[in-house]
>>> print(open('protein-v4.pdb').read())   # PDB, C-alpha atoms
ATOM      1  CA  MET A   1      46.203  -7.457 -37.078
ATOM      2  CA  GLN A   2      44.769 -10.274 -39.155
ATOM      3  CA  TYR A   3      42.754 -12.998 -37.426
ATOM      4  CA  ARG A   4      42.365 -16.542 -38.700
ATOM      5  CA  GLU A   5      40.155 -19.413 -37.542
ATOM      6  CA  LEU A   6      41.878 -22.070 -35.468
ATOM      7  CA  GLY A   7      40.719 -25.482 -36.557
ATOM      8  CA  ARG A   8      37.147 -26.209 -35.567
ATOM      9  CA  THR A   9      37.375 -24.367 -32.237
ATOM     10  CA  GLY A  10      35.462 -21.316 -33.378
ATOM     11  CA  TRP A  11      38.336 -19.128 -32.151
ATOM     12  CA  ASN A  12      39.724 -16.441 -34.399
ATOM     13  CA  ILE A  13      43.320 -15.926 -33.367
ATOM     14  CA  SER A  14      45.940 -13.362 -34.265
ATOM     15  CA  ALA A  15      47.941 -14.284 -37.353
ATOM     16  CA  ILE A  16      51.070 -13.148 -35.526
ATOM     17  CA  SER A  17      50.845 -14.610 -32.063
ATOM     18  CA  PHE A  18      53.342 -14.952 -29.213
ATOM     19  CA  GLY A  19      55.702 -17.859 -28.619
ATOM     20  CA  ALA A  20      56.573 -17.951 -24.915
ATOM     21  CA  TRP A  21      59.549 -20.337 -24.966
ATOM     22  CA  ALA A  22      62.053 -17.491 -24.696
ATOM     23  CA  ILE A  23      60.479 -15.922 -21.599
ATOM     24  CA  GLY A  24      60.665 -19.263 -19.824
ATOM     25  CA  GLY A  25      64.299 -20.023 -20.460
ATOM     26  CA  THR A  26      66.980 -21.675 -22.640
ATOM     27  CA  TRP A  27      67.256 -18.490 -24.702
ATOM     28  CA  GLY A  28      69.709 -16.689 -22.452
ATOM     29  CA  ALA A  29      68.921 -14.335 -19.570
ATOM     30  CA  VAL A  30      65.360 -13.154 -19.093
ATOM     31  CA  ASP A  31      63.802 -10.637 -16.729
ATOM     32  CA  ASP A  32      60.217 -11.269 -15.649
ATOM     33  CA  ARG A  33      59.347  -7.562 -15.584
ATOM     34  CA  GLU A  34      60.550  -7.147 -19.147
ATOM     35  CA  SER A  35      58.792 -10.351 -20.186
ATOM     36  CA  LEU A  36      55.504  -9.094 -18.743
ATOM     37  CA  ALA A  37      55.985  -5.788 -20.525
ATOM     38  CA  ALA A  38      56.416  -7.716 -23.785
ATOM     39  CA  LEU A  39      53.282  -9.772 -23.086
ATOM     40  CA  HIS A  40      51.236  -6.674 -22.324
ATOM     41  CA  ARG A  41      52.495  -4.954 -25.446
ATOM     42  CA  ALA A  42      51.393  -7.954 -27.492
ATOM     43  CA  VAL A  43      47.850  -7.662 -26.126
ATOM     44  CA  ASP A  44      47.907  -3.910 -26.789
ATOM     45  CA  LEU A  45      48.650  -4.659 -30.433
ATOM     46  CA  GLY A  46      45.891  -7.232 -30.886
ATOM     47  CA  VAL A  47      47.630 -10.516 -30.074
ATOM     48  CA  ASN A  48      45.168 -12.891 -28.431
ATOM     49  CA  PHE A  49      46.987 -16.238 -28.698
ATOM     50  CA  PHE A  50      49.991 -17.276 -26.625
ATOM     51  CA  ASP A  51      51.889 -20.540 -26.942
ATOM     52  CA  THR A  52      53.791 -21.993 -23.997
ATOM     53  CA  ALA A  53      54.720 -25.329 -22.398
ATOM     54  CA  ASP A  54      54.987 -26.782 -18.926
ATOM     55  CA  VAL A  55      58.751 -27.202 -19.330
ATOM     56  CA  TYR A  56      59.507 -23.617 -20.381
ATOM     57  CA  GLY A  57      61.355 -22.510 -17.287
ATOM     58  CA  ASP A  58      59.746 -25.395 -15.375
ATOM     59  CA  GLY A  59      56.415 -23.561 -15.369
ATOM     60  CA  ARG A  60      57.801 -20.021 -15.308
ATOM     61  CA  SER A  61      56.335 -19.180 -18.714
ATOM     62  CA  GLU A  62      52.907 -20.544 -17.758
ATOM     63  CA  ARG A  63      52.889 -18.540 -14.519
ATOM     64  CA  LEU A  64      53.764 -15.327 -16.351
ATOM     65  CA  LEU A  65      50.840 -15.918 -18.694
ATOM     66  CA  ALA A  66      48.547 -16.516 -15.720
ATOM     67  CA  GLN A  67      49.600 -13.126 -14.385
ATOM     68  CA  LEU A  68      48.931 -11.547 -17.778
ATOM     69  CA  LYS A  69      45.389 -12.935 -17.777
ATOM     70  CA  ARG A  70      44.779 -11.537 -14.311
ATOM     71  CA  GLU A  71      45.906  -8.099 -15.417
ATOM     72  CA  ARG A  72      43.986  -7.859 -18.720
ATOM     73  CA  LYS A  73      40.311  -7.946 -19.626
ATOM     74  CA  GLU A  74      40.775  -8.873 -23.300
ATOM     75  CA  GLN A  75      40.263 -12.393 -24.586
ATOM     76  CA  ILE A  76      43.535 -14.279 -24.141
ATOM     77  CA  ILE A  77      43.824 -17.841 -25.425
ATOM     78  CA  ILE A  78      46.707 -19.893 -24.043
ATOM     79  CA  ALA A  79      48.035 -23.042 -25.656
ATOM     80  CA  THR A  80      50.362 -25.125 -23.525
ATOM     81  CA  LYS A  81      52.089 -28.465 -24.042
ATOM     82  CA  ALA A  82      52.539 -31.701 -22.166
ATOM     83  CA  GLY A  83      54.896 -34.652 -22.343
ATOM     84  CA  ARG A  84      58.433 -33.339 -22.128
ATOM     85  CA  ARG A  85      58.479 -33.654 -18.345
ATOM     86  CA  LEU A  86      58.956 -37.359 -18.899
ATOM     87  CA  ASN A  87      62.432 -38.607 -18.048
ATOM     88  CA  PRO A  88      63.274 -40.586 -20.019
ATOM     89  CA  HIS A  89      61.148 -39.083 -22.762
ATOM     90  CA  VAL A  90      59.807 -42.314 -24.252
ATOM     91  CA  ALA A  91      56.532 -43.317 -25.871
ATOM     92  CA  GLU A  92      55.688 -45.651 -22.987
ATOM     93  CA  GLY A  93      55.486 -42.623 -20.690
ATOM     94  CA  TYR A  94      52.494 -41.165 -22.539
ATOM     95  CA  THR A  95      50.004 -42.823 -20.234
ATOM     96  CA  ARG A  96      46.619 -41.609 -19.057
ATOM     97  CA  THR A  97      48.033 -41.171 -15.545
ATOM     98  CA  ASN A  98      51.020 -39.110 -16.648
ATOM     99  CA  LEU A  99      49.049 -36.935 -19.060
ATOM    100  CA  THR A 100      46.469 -36.214 -16.379
ATOM    101  CA  ALA A 101      49.210 -35.214 -13.932
ATOM    102  CA  PHE A 102      50.802 -32.902 -16.486
ATOM    103  CA  VAL A 103      47.461 -31.272 -17.275
ATOM    104  CA  GLU A 104      46.653 -30.760 -13.605
ATOM    105  CA  ARG A 105      50.045 -29.136 -12.999
ATOM    106  CA  SER A 106      49.443 -26.737 -15.912
ATOM    107  CA  LEU A 107      45.996 -25.961 -14.535
ATOM    108  CA  ARG A 108      47.675 -24.821 -11.315
ATOM    109  CA  ASN A 109      50.408 -22.856 -13.110
ATOM    110  CA  LEU A 110      47.867 -21.108 -15.322
ATOM    111  CA  ALA A 111      45.411 -20.614 -12.456
ATOM    112  CA  THR A 112      42.452 -21.865 -14.446
ATOM    113  CA  ASP A 113      39.781 -24.549 -14.300
ATOM    114  CA  ALA A 114      40.214 -25.619 -17.925
ATOM    115  CA  LEU A 115      43.164 -25.355 -20.307
ATOM    116  CA  ASP A 116      42.301 -23.749 -23.633
ATOM    117  CA  LEU A 117      44.499 -25.977 -25.775
ATOM    118  CA  VAL A 118      46.928 -28.724 -24.797
ATOM    119  CA  GLN A 119      49.446 -30.008 -27.324
ATOM    120  CA  LEU A 120      51.480 -33.189 -27.082
ATOM    121  CA  HIS A 121      55.007 -31.807 -26.912
ATOM    122  CA  CYS A 122      56.963 -33.379 -29.758
ATOM    123  CA  PRO A 123      56.539 -36.953 -28.542
ATOM    124  CA  PRO A 124      58.375 -39.891 -30.095
ATOM    125  CA  THR A 125      56.922 -40.893 -33.456
ATOM    126  CA  GLN A 126      55.500 -44.090 -31.964
ATOM    127  CA  VAL A 127      53.007 -42.059 -29.890
ATOM    128  CA  TYR A 128      51.099 -41.079 -33.027
ATOM    129  CA  TYR A 129      50.386 -44.774 -33.548
ATOM    130  CA  MET A 130      48.962 -45.220 -30.027
ATOM    131  CA  PRO A 131      45.204 -44.503 -30.135
ATOM    132  CA  GLU A 132      44.976 -44.859 -26.367
ATOM    133  CA  VAL A 133      46.912 -41.598 -25.977
ATOM    134  CA  PHE A 134      44.289 -39.681 -27.938
ATOM    135  CA  ASP A 135      41.500 -41.514 -26.097
ATOM    136  CA  ALA A 136      42.978 -40.164 -22.856
ATOM    137  CA  LEU A 137      42.961 -36.640 -24.269
ATOM    138  CA  ASP A 138      39.337 -37.058 -25.344
ATOM    139  CA  ASP A 139      38.488 -38.066 -21.779
ATOM    140  CA  LEU A 140      40.261 -35.006 -20.374
ATOM    141  CA  VAL A 141      38.084 -32.865 -22.660
ATOM    142  CA  ARG A 142      34.962 -34.654 -21.417
ATOM    143  CA  GLN A 143      36.087 -34.106 -17.819
ATOM    144  CA  GLY A 144      36.342 -30.366 -18.515
ATOM    145  CA  LYS A 145      40.066 -30.137 -17.768
ATOM    146  CA  LEU A 146      40.838 -28.947 -21.265
ATOM    147  CA  ARG A 147      38.782 -27.428 -24.032
ATOM    148  CA  TYR A 148      40.706 -28.704 -27.017
ATOM    149  CA  TYR A 149      43.907 -30.517 -27.858
ATOM    150  CA  GLY A 150      46.453 -30.692 -30.625
ATOM    151  CA  VAL A 151      50.015 -31.781 -31.237
ATOM    152  CA  SER A 152      53.423 -30.237 -31.679
ATOM    153  CA  VAL A 153      55.518 -32.305 -34.076
ATOM    154  CA  GLU A 154      59.044 -32.630 -35.392
ATOM    155  CA  LYS A 155      58.255 -34.409 -38.660
ATOM    156  CA  VAL A 156      55.733 -34.040 -41.444
ATOM    157  CA  GLU A 157      55.025 -37.776 -41.142
ATOM    158  CA  GLU A 158      53.893 -37.218 -37.550
ATOM    159  CA  ALA A 159      51.669 -34.300 -38.560
ATOM    160  CA  ILE A 160      49.943 -36.343 -41.254
ATOM    161  CA  LYS A 161      49.347 -39.237 -38.861
ATOM    162  CA  ALA A 162      48.130 -36.971 -36.043
ATOM    163  CA  ILE A 163      45.306 -35.404 -38.027
ATOM    164  CA  GLU A 164      43.756 -38.821 -38.549
ATOM    165  CA  TYR A 165      42.516 -38.502 -34.952
ATOM    166  CA  PRO A 166      39.244 -36.551 -35.018
ATOM    167  CA  GLY A 167      39.926 -34.691 -31.779
ATOM    168  CA  VAL A 168      43.122 -33.051 -33.021
ATOM    169  CA  GLN A 169      42.341 -29.378 -33.588
ATOM    170  CA  SER A 170      45.810 -28.041 -34.320
ATOM    171  CA  VAL A 171      49.293 -29.023 -35.396
ATOM    172  CA  GLN A 172      52.286 -26.989 -34.394
ATOM    173  CA  ILE A 173      55.145 -27.539 -36.822
ATOM    174  CA  ILE A 174      58.391 -25.850 -37.794
ATOM    175  CA  PHE A 175      57.644 -23.837 -40.909
ATOM    176  CA  ASN A 176      59.794 -21.012 -42.175
ATOM    177  CA  ILE A 177      61.884 -20.017 -45.187
ATOM    178  CA  PHE A 178      64.428 -22.681 -44.169
ATOM    179  CA  ARG A 179      61.855 -25.427 -43.533
ATOM    180  CA  GLN A 180      59.350 -25.496 -46.385
ATOM    181  CA  ARG A 181      58.410 -29.175 -46.619
ATOM    182  CA  PRO A 182      55.098 -28.884 -44.692
ATOM    183  CA  ALA A 183      53.647 -26.909 -47.607
ATOM    184  CA  ASP A 184      54.215 -29.803 -50.043
ATOM    185  CA  LEU A 185      51.374 -32.070 -48.875
ATOM    186  CA  PHE A 186      50.512 -31.550 -45.255
ATOM    187  CA  PHE A 187      48.977 -28.097 -45.620
ATOM    188  CA  GLN A 188      46.358 -29.319 -48.063
ATOM    189  CA  LEU A 189      45.468 -32.294 -45.851
ATOM    190  CA  ALA A 190      45.115 -30.019 -42.838
ATOM    191  CA  LYS A 191      42.831 -27.653 -44.762
ATOM    192  CA  GLU A 192      40.634 -30.551 -45.838
ATOM    193  CA  ARG A 193      40.246 -31.680 -42.221
ATOM    194  CA  LYS A 194      39.898 -28.116 -40.877
ATOM    195  CA  VAL A 195      42.935 -28.456 -38.643
ATOM    196  CA  GLY A 196      44.764 -25.313 -37.548
ATOM    197  CA  ILE A 197      48.476 -24.896 -38.194
ATOM    198  CA  LEU A 198      50.758 -23.052 -35.791
ATOM    199  CA  ALA A 199      54.038 -22.169 -37.493
ATOM    200  CA  ARG A 200      56.744 -22.399 -34.865
ATOM    201  CA  LEU A 201      60.344 -21.208 -35.053
ATOM    202  CA  PRO A 202      59.221 -18.803 -37.779
ATOM    203  CA  LEU A 203      62.512 -16.902 -37.555
ATOM    204  CA  SER A 204      64.656 -20.047 -37.385
ATOM    205  CA  SER A 205      65.939 -19.401 -33.849
ATOM    206  CA  GLY A 206      66.559 -15.766 -34.750
ATOM    207  CA  MET A 207      68.641 -16.525 -37.838
ATOM    208  CA  LEU A 208      65.962 -15.086 -40.138
ATOM    209  CA  ALA A 209      65.879 -11.847 -38.180
ATOM    210  CA  GLY A 210      69.031 -11.061 -40.147
ATOM    211  CA  LYS A 211      71.017  -9.662 -37.236
ATOM    212  CA  MET A 212      73.444 -12.507 -36.539
ATOM    213  CA  THR A 213      77.060 -12.606 -37.634
ATOM    214  CA  ARG A 214      79.749 -15.245 -37.617
ATOM    215  CA  ASP A 215      81.010 -13.739 -34.353
ATOM    216  CA  ALA A 216      77.669 -14.189 -32.568
ATOM    217  CA  THR A 217      77.944 -15.721 -29.110
ATOM    218  CA  PHE A 218      75.195 -17.221 -26.970
ATOM    219  CA  ALA A 219      74.851 -17.742 -23.242
ATOM    220  CA  PRO A 220      75.661 -21.249 -21.969
ATOM    221  CA  ASP A 221      71.969 -21.821 -21.151
ATOM    222  CA  ASP A 222      70.853 -20.788 -24.657
ATOM    223  CA  HIS A 223      69.944 -23.767 -26.847
ATOM    224  CA  ARG A 224      71.654 -22.031 -29.768
ATOM    225  CA  ALA A 225      74.905 -22.642 -27.925
ATOM    226  CA  PHE A 226      74.350 -26.176 -26.644
ATOM    227  CA  ASN A 227      72.000 -27.909 -29.103
ATOM    228  CA  ARG A 228      73.352 -27.242 -32.587
ATOM    229  CA  GLN A 229      74.030 -30.931 -33.122
ATOM    230  CA  GLY A 230      70.999 -32.146 -31.171
ATOM    231  CA  GLN A 231      72.799 -32.808 -27.908
ATOM    232  CA  ALA A 232      69.765 -31.864 -25.775
ATOM    233  CA  PHE A 233      66.742 -32.329 -28.066
ATOM    234  CA  ASP A 234      65.964 -32.629 -31.756
ATOM    235  CA  ARG A 235      68.573 -30.819 -33.842
ATOM    236  CA  GLY A 236      65.833 -29.344 -36.008
ATOM    237  CA  GLU A 237      64.742 -27.143 -33.100
ATOM    238  CA  THR A 238      67.934 -25.068 -33.342
ATOM    239  CA  PHE A 239      68.347 -22.945 -36.492
ATOM    240  CA  SER A 240      65.834 -25.305 -38.161
ATOM    241  CA  GLY A 241      68.563 -27.934 -38.357
ATOM    242  CA  VAL A 242      70.586 -25.788 -40.769
ATOM    243  CA  ASP A 243      74.307 -25.401 -40.163
ATOM    244  CA  PHE A 244      75.045 -21.954 -38.675
ATOM    245  CA  GLU A 245      77.420 -20.858 -41.453
ATOM    246  CA  THR A 246      75.036 -22.076 -44.149
ATOM    247  CA  GLY A 247      72.192 -20.169 -42.537
ATOM    248  CA  LEU A 248      74.211 -16.961 -42.457
ATOM    249  CA  ARG A 249      75.082 -17.281 -46.155
ATOM    250  CA  ALA A 250      71.452 -17.929 -47.070
ATOM    251  CA  VAL A 251      70.313 -14.864 -45.122
ATOM    252  CA  GLU A 252      72.710 -12.709 -47.133
ATOM    253  CA  LEU A 253      71.188 -14.084 -50.331
ATOM    254  CA  LEU A 254      67.716 -13.235 -49.011
ATOM    255  CA  ARG A 255      68.508  -9.616 -48.184
ATOM    256  CA  PRO A 256      68.094  -8.267 -51.751
ATOM    257  CA  LEU A 257      64.586  -9.789 -51.850
ATOM    258  CA  VAL A 258      63.292  -7.857 -48.834
ATOM    259  CA  PRO A 259      60.969  -5.065 -50.014
ATOM    260  CA  ALA A 260      61.609  -1.510 -48.908
ATOM    261  CA  GLY A 261      60.041  -0.733 -45.568
ATOM    262  CA  MET A 262      60.295  -4.297 -44.231
ATOM    263  CA  SER A 263      62.851  -5.691 -41.837
ATOM    264  CA  MET A 264      64.271  -9.132 -42.530
ATOM    265  CA  ALA A 265      62.237 -10.537 -39.625
ATOM    266  CA  GLN A 266      59.034  -9.007 -40.961
ATOM    267  CA  PHE A 267      59.788 -10.392 -44.399
ATOM    268  CA  ALA A 268      60.227 -13.896 -42.957
ATOM    269  CA  LEU A 269      56.956 -13.624 -41.024
ATOM    270  CA  ARG A 270      55.019 -12.145 -43.953
ATOM    271  CA  TRP A 271      56.304 -15.002 -46.127
ATOM    272  CA  ILE A 272      54.696 -17.497 -43.723
ATOM    273  CA  LEU A 273      51.371 -15.657 -43.786
ATOM    274  CA  MET A 274      51.262 -15.986 -47.570
ATOM    275  CA  PHE A 275      50.136 -19.588 -46.962
ATOM    276  CA  ASP A 276      46.433 -19.599 -46.176
ATOM    277  CA  ALA A 277      46.650 -22.998 -44.477
ATOM    278  CA  VAL A 278      48.687 -21.389 -41.699
ATOM    279  CA  THR A 279      46.582 -20.138 -38.815
ATOM    280  CA  CYS A 280      49.351 -18.172 -37.159
ATOM    281  CA  ALA A 281      53.077 -17.751 -36.747
ATOM    282  CA  ILE A 282      54.352 -17.739 -33.173
ATOM    283  CA  PRO A 283      57.618 -15.787 -32.996
ATOM    284  CA  GLY A 284      59.155 -15.454 -29.573
ATOM    285  CA  ALA A 285      59.922 -12.143 -27.921
ATOM    286  CA  LYS A 286      61.546 -11.052 -24.683
ATOM    287  CA  ARG A 287      61.135  -7.282 -25.081
ATOM    288  CA  PRO A 288      58.305  -4.958 -26.187
ATOM    289  CA  ALA A 289      60.301  -3.685 -29.171
ATOM    290  CA  GLN A 290      60.593  -7.230 -30.520
ATOM    291  CA  VAL A 291      56.845  -7.667 -30.182
ATOM    292  CA  GLU A 292      56.211  -4.453 -32.091
ATOM    293  CA  GLU A 293      58.448  -5.509 -34.969
ATOM    294  CA  ASN A 294      56.899  -8.960 -35.164
ATOM    295  CA  VAL A 295      53.271  -7.858 -34.977
ATOM    296  CA  ALA A 296      53.717  -5.231 -37.687
ATOM    297  CA  ALA A 297      54.307  -8.050 -40.191
ATOM    298  CA  ALA A 298      50.606  -8.957 -40.126
ATOM    299  CA  ASP A 299      49.643  -5.638 -41.678
ATOM    300  CA  LEU A 300      52.284  -5.515 -44.406
ATOM    301  CA  PRO A 301      51.268  -5.976 -48.055
ATOM    302  CA  ALA A 302      51.390  -9.396 -49.651
ATOM    303  CA  LEU A 303      54.694 -10.444 -51.161
ATOM    304  CA  PRO A 304      54.634 -10.431 -54.988
ATOM    305  CA  PRO A 305      54.709 -13.782 -56.823
ATOM    306  CA  GLU A 306      58.175 -13.158 -58.222
ATOM    307  CA  ILE A 307      59.592 -12.722 -54.710
ATOM    308  CA  MET A 308      57.895 -15.903 -53.539
ATOM    309  CA  ALA A 309      59.397 -17.738 -56.515
ATOM    310  CA  GLN A 310      62.867 -16.413 -55.748
ATOM    311  CA  VAL A 311      62.609 -17.533 -52.112
ATOM    312  CA  SER A 312      61.545 -20.982 -53.296
ATOM    313  CA  ASP A 313      64.494 -21.151 -55.668
ATOM    314  CA  LEU A 314      66.948 -20.075 -52.973
ATOM    315  CA  TYR A 315      65.578 -22.771 -50.651
ATOM    316  CA  SER A 316      65.840 -25.426 -53.355
ATOM    317  CA  ARG A 317      69.448 -24.599 -54.154
ATOM    318  CA  HIS A 318      70.930 -23.890 -50.741
ATOM    319  CA  ILE A 319      68.799 -25.383 -47.966
ATOM    320  CA  LYS A 320      66.552 -28.158 -49.262
ATOM    321  CA  PRO A 321      69.278 -30.813 -49.686
ATOM    322  CA  LEU A 322      70.198 -30.400 -46.009
ATOM    323  CA  VAL A 323      66.783 -30.563 -44.320
ATOM    324  CA  HIS A 324      63.917 -31.426 -46.621
ATOM    325  CA  GLN A 325      63.838 -35.206 -46.229
ATOM    326  CA  VAL A 326      64.994 -35.192 -42.587
ATOM    327  CA  TRP A 327      61.930 -33.634 -41.025
TER
END
>>> encode(input="protein-v4.pdb", output="structure tokens")
Amino acid sequence: MQYRELGRTGWNISAISFGAWAIGGTWGAVDDRESLAALHRAVDLGVNFFDTADVYGDGRSERLLAQLKRERKEQIIIATKAGRRLNPHVAEGYTRTNLTAFVERSLRNLATDALDLVQLHCPPTQVYYMPEVFDALDDLVRQGKLRYYGVSVEKVEEAIKAIEYPGVQSVQIIFNIFRQRPADLFFQLAKERKVGILARLPLSSGMLAGKMTRDATFAPDDHRAFNRQGQAFDRGETFSGVDFETGLRAVELLRPLVPAGMSMAQFALRWILMFDAVTCAIPGAKRPAQVEENVAAADLPALPPEIMAQVSDLYSRHIKPLVHQVW
């Protein structure tokens, strides 16, 4: 396992970490025993950073991680998120009172006195222009309720604005072979400010695992069934905002580029780790075998420059016109 420094926290976290959205819900059926087995396997393999949110299974994901911490002695750093409990989810709801309530609920779910890292959970763009929100987070740090805070964003614009606030330690952003815009400008700005980058949806909702077909079906409670056009939340969260058929065709074009000995998923994860601005990728997993495949990507050899160039060209020709200027 590789470890990379997260912002200015002093933490060195696993370059392949664990995204805990899937074990909470909206990714089809989950079994808590199997989820815990996956979490334990991640720790066995050197993962020390887990990303969750208070709305993943209405706290289910956070509670599973609390159980993991009780059962392990290794260092386990948990990043959670706050804000999406608001209904309606509007900028005006990001008040000191609401944020404090969300943090205190996560403290109970995670059975801890202080949250390691709290991220604003993809708030409306206007929130990044509200200094009072970040003042409230600074106060929560001073009160000892959280150690550090960051943001999870939908758009590059939001990421660039967020890192103007000195307390922001990390930015979680969609970055994968199908969503390459963050590398254009934002990565360099984040490096200059020593802000960590968490690459979420690294496998583009499973599309870049290379196992889907046109006949794929998803459970009714799986966002890949109900959110393809953004009916429930931002469309970019599902298959990176790329049309399903287009994504399948692009995956077939990627297959010849995958080096021998790598799976398609490992290739997609290793591609992300080629960018030194990225602190970690946070693929989800519901089963130990998925964890094992994901984690192995951290120890694979670097991708050669010609492969990186071919991936860039494929993106430019087939994907970029659809997503690049949207997010």
>>> closest_residue(input="protein-v4.pdb", among="A:Ser35, A:Asn87, A:Thr279, A:Thr26", to="A:Ala225", atoms="all atoms listed in the file")
A:Thr26
>>> resolve_selection(input="protein-v4.pdb", expression="the PyMOL selection byres ((chain A and resi 184-189) around 9)", output="list of chain:residue names")
A:Val156, A:Glu157, A:Ala159, A:Ile160, A:Ile163, A:Gln180, A:Arg181, A:Pro182, A:Ala183, A:Ala190, A:Lys191, A:Glu192, A:Arg193, A:Lys194, A:Val195, A:Ile197, A:Phe275, A:Asp276, A:Ala277, A:Val278
>>> write_last_selection(input="protein-v4.pdb", atoms="C-alpha atoms", output="compact mmCIF listing (two decimals), in the coordinates of the input")
# COMPACT_ATOMS: atom_id res chain seq x y z
CA VAL A 156 55.73 -34.04 -41.44
CA GLU A 157 55.02 -37.78 -41.14
CA ALA A 159 51.67 -34.30 -38.56
CA ILE A 160 49.94 -36.34 -41.25
CA ILE A 163 45.31 -35.40 -38.03
CA GLN A 180 59.35 -25.50 -46.38
CA ARG A 181 58.41 -29.18 -46.62
CA PRO A 182 55.10 -28.88 -44.69
CA ALA A 183 53.65 -26.91 -47.61
CA ALA A 190 45.12 -30.02 -42.84
CA LYS A 191 42.83 -27.65 -44.76
CA GLU A 192 40.63 -30.55 -45.84
CA ARG A 193 40.25 -31.68 -42.22
CA LYS A 194 39.90 -28.12 -40.88
CA VAL A 195 42.94 -28.46 -38.64
CA ILE A 197 48.48 -24.90 -38.19
CA PHE A 275 50.14 -19.59 -46.96
CA ASP A 276 46.43 -19.60 -46.18
CA ALA A 277 46.65 -23.00 -44.48
CA VAL A 278 48.69 -21.39 -41.70
>>> resolve_selection(input="protein-v4.pdb", expression="the PyMOL selection byres ((chain A and resi 47) around 12)", output="JSON, numbers by chain")
{"A": [1, 2, 3, 4, 12, 13, 14, 15, 16, 17, 18, 19, 38, 39, 40, 41, 42, 43, 44, 45, 46, 48, 49, 50, 51, 74, 75, 76, 77, 78, 280, 281, 282, 283, 291, 292, 294, 295, 296, 298]}
>>> residues_around(input="protein-v4.pdb", residues="A:Phe178", least_positions_apart="6", cutoff="8 Å", atoms="all atoms listed in the file", output="short mmCIF file (atom, residue, chain, number, x, y, z; two decimals) with C-alpha atoms, in the coordinates of the input")
data_model
loop_
_atom_site.label_atom_id
_atom_site.label_comp_id
_atom_site.auth_asym_id
_atom_site.auth_seq_id
_atom_site.Cartn_x
_atom_site.Cartn_y
_atom_site.Cartn_z
CA SER A 204 64.66 -20.05 -37.38
CA SER A 240 65.83 -25.30 -38.16
CA VAL A 242 70.59 -25.79 -40.77
CA TYR A 315 65.58 -22.77 -50.65
CA ILE A 319 68.80 -25.38 -47.97
CA LYS A 320 66.55 -28.16 -49.26
#
>>> resolve_selection(input="protein-v4.pdb", expression="the PyMOL selection byres ((chain A and resi 264) around 6)", output="number ranges by chain")
A: 209-210, 263, 265-267
>>> write_last_selection(input="protein-v4.pdb", atoms="C-alpha atoms", output="JSON list (two decimals), keeping the file's coordinate frame")
[["chain", "number", "residue", "atom", "x", "y", "z"],
["A", 209, "ALA", "CA", 65.88, -11.85, -38.18],
["A", 210, "GLY", "CA", 69.03, -11.06, -40.15],
["A", 263, "SER", "CA", 62.85, -5.69, -41.84],
["A", 265, "ALA", "CA", 62.24, -10.54, -39.62],
["A", 266, "GLN", "CA", 59.03, -9.01, -40.96],
["A", 267, "PHE", "CA", 59.79, -10.39, -44.40]]
>>> residues_around(input="protein-v4.pdb", residues="A:Asp138", least_positions_apart="2", cutoff="12 Å", atoms="all atoms listed in the file", output="tab-separated table (two decimals) with C-alpha atoms, in the coordinates of the input")
chain	number	residue	atom	x	y	z
A	96	ARG	CA	46.62	-41.61	-19.06
A	99	LEU	CA	49.05	-36.94	-19.06
A	100	THR	CA	46.47	-36.21	-16.38
A	118	VAL	CA	46.93	-28.72	-24.80
A	131	PRO	CA	45.20	-44.50	-30.14
A	132	GLU	CA	44.98	-44.86	-26.37
A	133	VAL	CA	46.91	-41.60	-25.98
A	134	PHE	CA	44.29	-39.68	-27.94
A	135	ASP	CA	41.50	-41.51	-26.10
A	136	ALA	CA	42.98	-40.16	-22.86
A	140	LEU	CA	40.26	-35.01	-20.37
A	141	VAL	CA	38.08	-32.86	-22.66
A	142	ARG	CA	34.96	-34.65	-21.42
A	143	GLN	CA	36.09	-34.11	-17.82
A	144	GLY	CA	36.34	-30.37	-18.52
A	145	LYS	CA	40.07	-30.14	-17.77
A	146	LEU	CA	40.84	-28.95	-21.26
A	147	ARG	CA	38.78	-27.43	-24.03
A	148	TYR	CA	40.71	-28.70	-27.02
A	149	TYR	CA	43.91	-30.52	-27.86
A	150	GLY	CA	46.45	-30.69	-30.62
A	165	TYR	CA	42.52	-38.50	-34.95
A	166	PRO	CA	39.24	-36.55	-35.02
A	167	GLY	CA	39.93	-34.69	-31.78
A	168	VAL	CA	43.12	-33.05	-33.02
A	169	GLN	CA	42.34	-29.38	-33.59
>>> atom_distance(input="protein-v4.pdb", atom1="atom CA of A:Glu245", atom2="atom CA of A:Arg214")
7.2 Å
>>> residues_around(input="protein-v4.pdb", residues="A:Met262", least_positions_apart="4", cutoff="10 Å", atoms="all atoms listed in the file", output="number ranges by chain")
A: 258, 266-268, 270, 293, 296-297, 300-301
>>> atom_distance(input="protein-v4.pdb", atom1="atom CA of A:Leu269", atom2="atom CA of A:Arg60")
26.5 Å
>>> closest_residue(input="protein-v4.pdb", among="A:Gly241, A:Pro220, A:Gly10, A:Gly57", to="A:Ile23", atoms="all atoms listed in the file")
A:Gly57
>>> closest_residue(input="protein-v4.pdb", among="A:Ile307, A:Glu164, A:Leu254, A:Ile272", to="A:Leu198", atoms="all atoms listed in the file")
A:Ile272
>>> atom_distance(input="protein-v4.pdb", atom1="atom CA of A:Asp243", atom2="atom CA of A:Arg228")
7.9 Å
>>> residues_around(input="protein-v4.pdb", residues="A:Ser61", least_positions_apart="2", cutoff="9 Å", atoms="only C-alpha atoms", output="MDAnalysis selection string")
chainID A and resid 20:25 52:59 63:66 109
>>> residues_near_point(input="protein-v4.pdb", point="(51.8, -25.8, -33.9)", cutoff="8 Å", atoms="all atoms listed in the file", output="list in words")
Gly150, Val151, Ser152, Val153, Ser170, Val171, Gln172, Ile173, Ile174, Gly196, Ile197, Leu198, Ala199 and Arg200 of chain A
